[in-house]
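Let me begin by presenting the structure, written as structure tokens, before commenting on it.
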Amino acid sequence: MGCLLGYRDLPKDIMNQIDKVVNIWKEHLGDALVGIYLHGSISLHAFNPQSGDIDILVVVKDSLEISKKLAIAQDIIEIDKKPCPLEMSAVKLSDAANWKNPGNCVFHYSDYWTARYMERFENPETEVYVVDHEFPDADVTSYIKLLKQCGIVLYGKKIEEVFCDISDKDFWLAISADIDDYDFHDYDARYFASNILILGRILSFKKEKRILSKYEGGLWMIENVPEKLKYLPECAMAIWFDGEEHLLPEDDLIQLREFLVEAIKG
């Protein structure tokens, strides 16, 4: 597998991109900004610069005006995928300190929403759910859990001063919700291999009671799925971490999905 990186190992262009994210939030919010926190594969020392996202959770003092959300998103889009895809959410300090799954987000950006943001910039009448509403997001429960395990402060208060503890029970409810609808082909095609590894990671937490990186989760899957299906996580890791191309039979993928989902629910 390719070289996997932690925060201190990141190339200069990725560090510069992260610094730009921090500066955007500082410039737009000033004293209303509580902190900016890095989670995901970088915090787990398992970041692949060729395929990984930069995952950030922002904490703010209060709700954000729509105009402020749009201004932040516009600046974020300018640096998205230069070089890495950016994904970030923002929550209020009062929610972070007393988080109840699925919680409440005041901002979200990922490349899934880029086109909708761009439409809104062109036409102010365009509805964009993550702009026009505050909304629940169970994913943030897992972000906070990981921040408490190994998160990185990019700006602001210490993690233990901002975030409450997330119980294993609440974390499990968050990551296993809607498991019956889990689809390896969700989102953009580039996430296909990642989606395979994520489903294995969910099961690995049930067994290991620890959040594994996508890389560790892939190795765990190889050891814990039926022998005839082991090649699927092996190929998924080769696709995600080494950029290889593999055509995976849909019948075997269905069997893998059914095995993992049943084990998660069992």
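Ordering of the structure tokens sets the chain letters (A, B, ...); residue numbers start at 1 within each chain; ligands are numbered from 1 in the order shown.
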Fill in: Contact residues around Lys228 (chain A) with only C-alpha atoms at 10 Å, ignoring same-chain residues under 4 positions, as a PyMOL selection string
chain A and resi 232+252+256
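Counting only C-alpha atoms, Ala189 (chain A) has the following residues at most 12 Å away, ignoring those fewer than 4 positions along the same chain: Tyr112, Asp183, Phe184, His185, Ala193, Ser194, Asn195, Ile239 and Trp240 of chain A.
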Could you please take those selected residues and save N, CA and C atoms as a JSON list (two decimals), in the first residue's frame?
[["chain", "number", "residue", "atom", "x", "y", "z"],
["A", 112, "TYR", "N", -20.26, 16.94, -2.51],
["A", 112, "TYR", "CA", -21.62, 16.54, -2.85],
["A", 112, "TYR", "C", -22.53, 17.76, -3.02],
["A", 183, "ASP", "N", -25.37, 1.34, 0.77],
["A", 183, "ASP", "CA", -25.12, 1.02, -0.64],
["A", 183, "ASP", "C", -23.68, 1.38, -0.98],
["A", 184, "PHE", "N", -22.91, 0.39, -1.44],
["A", 184, "PHE", "CA", -21.53, 0.63, -1.84],
["A", 184, "PHE", "C", -21.42, 1.68, -2.94],
["A", 185, "HIS", "N", -22.48, 1.87, -3.70],
["A", 185, "HIS", "CA", -22.44, 2.77, -4.86],
["A", 185, "HIS", "C", -22.98, 4.16, -4.55],
["A", 193, "ALA", "N", -14.85, 2.29, -3.44],
["A", 193, "ALA", "CA", -13.96, 1.47, -2.62],
["A", 193, "ALA", "C", -14.00, 1.91, -1.15],
["A", 194, "SER", "N", -14.08, 3.22, -0.93],
["A", 194, "SER", "CA", -14.17, 3.75, 0.42],
["A", 194, "SER", "C", -15.42, 3.23, 1.12],
["A", 195, "ASN", "N", -16.55, 3.19, 0.40],
["A", 195, "ASN", "CA", -17.80, 2.72, 1.00],
["A", 195, "ASN", "C", -17.70, 1.26, 1.44],
["A", 239, "ILE", "N", -7.62, -0.23, -4.60],
["A", 239, "ILE", "CA", -8.24, 0.87, -5.34],
["A", 239, "ILE", "C", -8.07, 2.18, -4.59],
["A", 240, "TRP", "N", -8.42, 2.17, -3.30],
["A", 240, "TRP", "CA", -8.46, 3.41, -2.51],
["A", 240, "TRP", "C", -7.08, 3.94, -2.18]]
Worksheet item: So how far away is CA of Trp99 (chain A) from CA of Ile166 (chain A), in Å?
Response: 7.8 Å
Fill in: Backbone-only DSSP, strand (DSSP E or B) members of region 149-221 of chain A, as a VMD selection string
chain A and resid 152 to 156
How would the residues just picked look written out with N, CA, C and O atoms as a short mmCIF file (atom, residue, chain, number, x, y, z; two decimals), in the first residue's frame?
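To be explicit, this is the file written out as again_1.cif:
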data_model
loop_
_atom_site.label_atom_id
_atom_site.label_comp_id
_atom_site.auth_asym_id
_atom_site.auth_seq_id
_atom_site.Cartn_x
_atom_site.Cartn_y
_atom_site.Cartn_z
N ILE A 152 -7.21 16.68 16.35
CA ILE A 152 -6.14 17.69 16.29
C ILE A 152 -6.77 19.09 16.32
O ILE A 152 -7.69 19.37 15.56
N VAL A 153 -6.27 19.93 17.20
CA VAL A 153 -6.74 21.31 17.28
C VAL A 153 -5.99 22.15 16.25
O VAL A 153 -4.77 22.28 16.30
N LEU A 154 -6.73 22.72 15.31
CA LEU A 154 -6.13 23.62 14.33
C LEU A 154 -6.18 25.06 14.80
O LEU A 154 -5.33 25.88 14.45
N TYR A 155 -7.20 25.37 15.60
CA TYR A 155 -7.37 26.72 16.13
C TYR A 155 -8.34 26.67 17.29
O TYR A 155 -9.32 25.93 17.25
N GLY A 156 -8.07 27.46 18.34
CA GLY A 156 -9.06 27.64 19.40
C GLY A 156 -8.86 26.76 20.61
O GLY A 156 -7.75 26.32 20.92
#
Discussion item. Env of region 73-78 of chain A: 7 Å cut, atoms = only C-alpha atoms, seq-sep filter 3 positions within chain, self excluded. Answer as an NGL selection string.
Written reply: :A and (21 or 24 or 69-70 or 109)
Could you save the residues just selected, with C-alpha atoms, as a compact mmCIF listing (two decimals), in the first residue's frame?
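File written: out_39.txt
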# COMPACT_ATOMS: atom_id res chain seq x y z
CA VAL A 21 -9.47 26.83 5.70
CA ILE A 24 -11.38 31.66 6.06
CA LYS A 69 -22.81 30.58 5.37
CA LEU A 70 -22.78 31.46 1.68
CA TYR A 109 -19.78 21.66 2.97
Discussion item. Applying 6 Å and only C-alpha atoms, which residues near region 2-14 of chain A remain after dropping the ones on its own chain fewer than 3 positions away? List them as a PyMOL selection string.
Written reply: chain A and resi 17+42+45-48+241-242
Worksheet item: With distances taken over only C-alpha atoms, which of A:Val91, A:Glu258, A:Tyr231, A:Glu119 is nearest to His246 (chain A)?
Response: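 Using only C-alpha atoms, His246 (chain A) sits closest to A:Tyr231.
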Worksheet item: Which is closest to Cys84 (chain A) among A:Ser67, A:Asn224, A:Ser51, A:Asn123, if we use only C-alpha atoms?
Response: A:Ser51
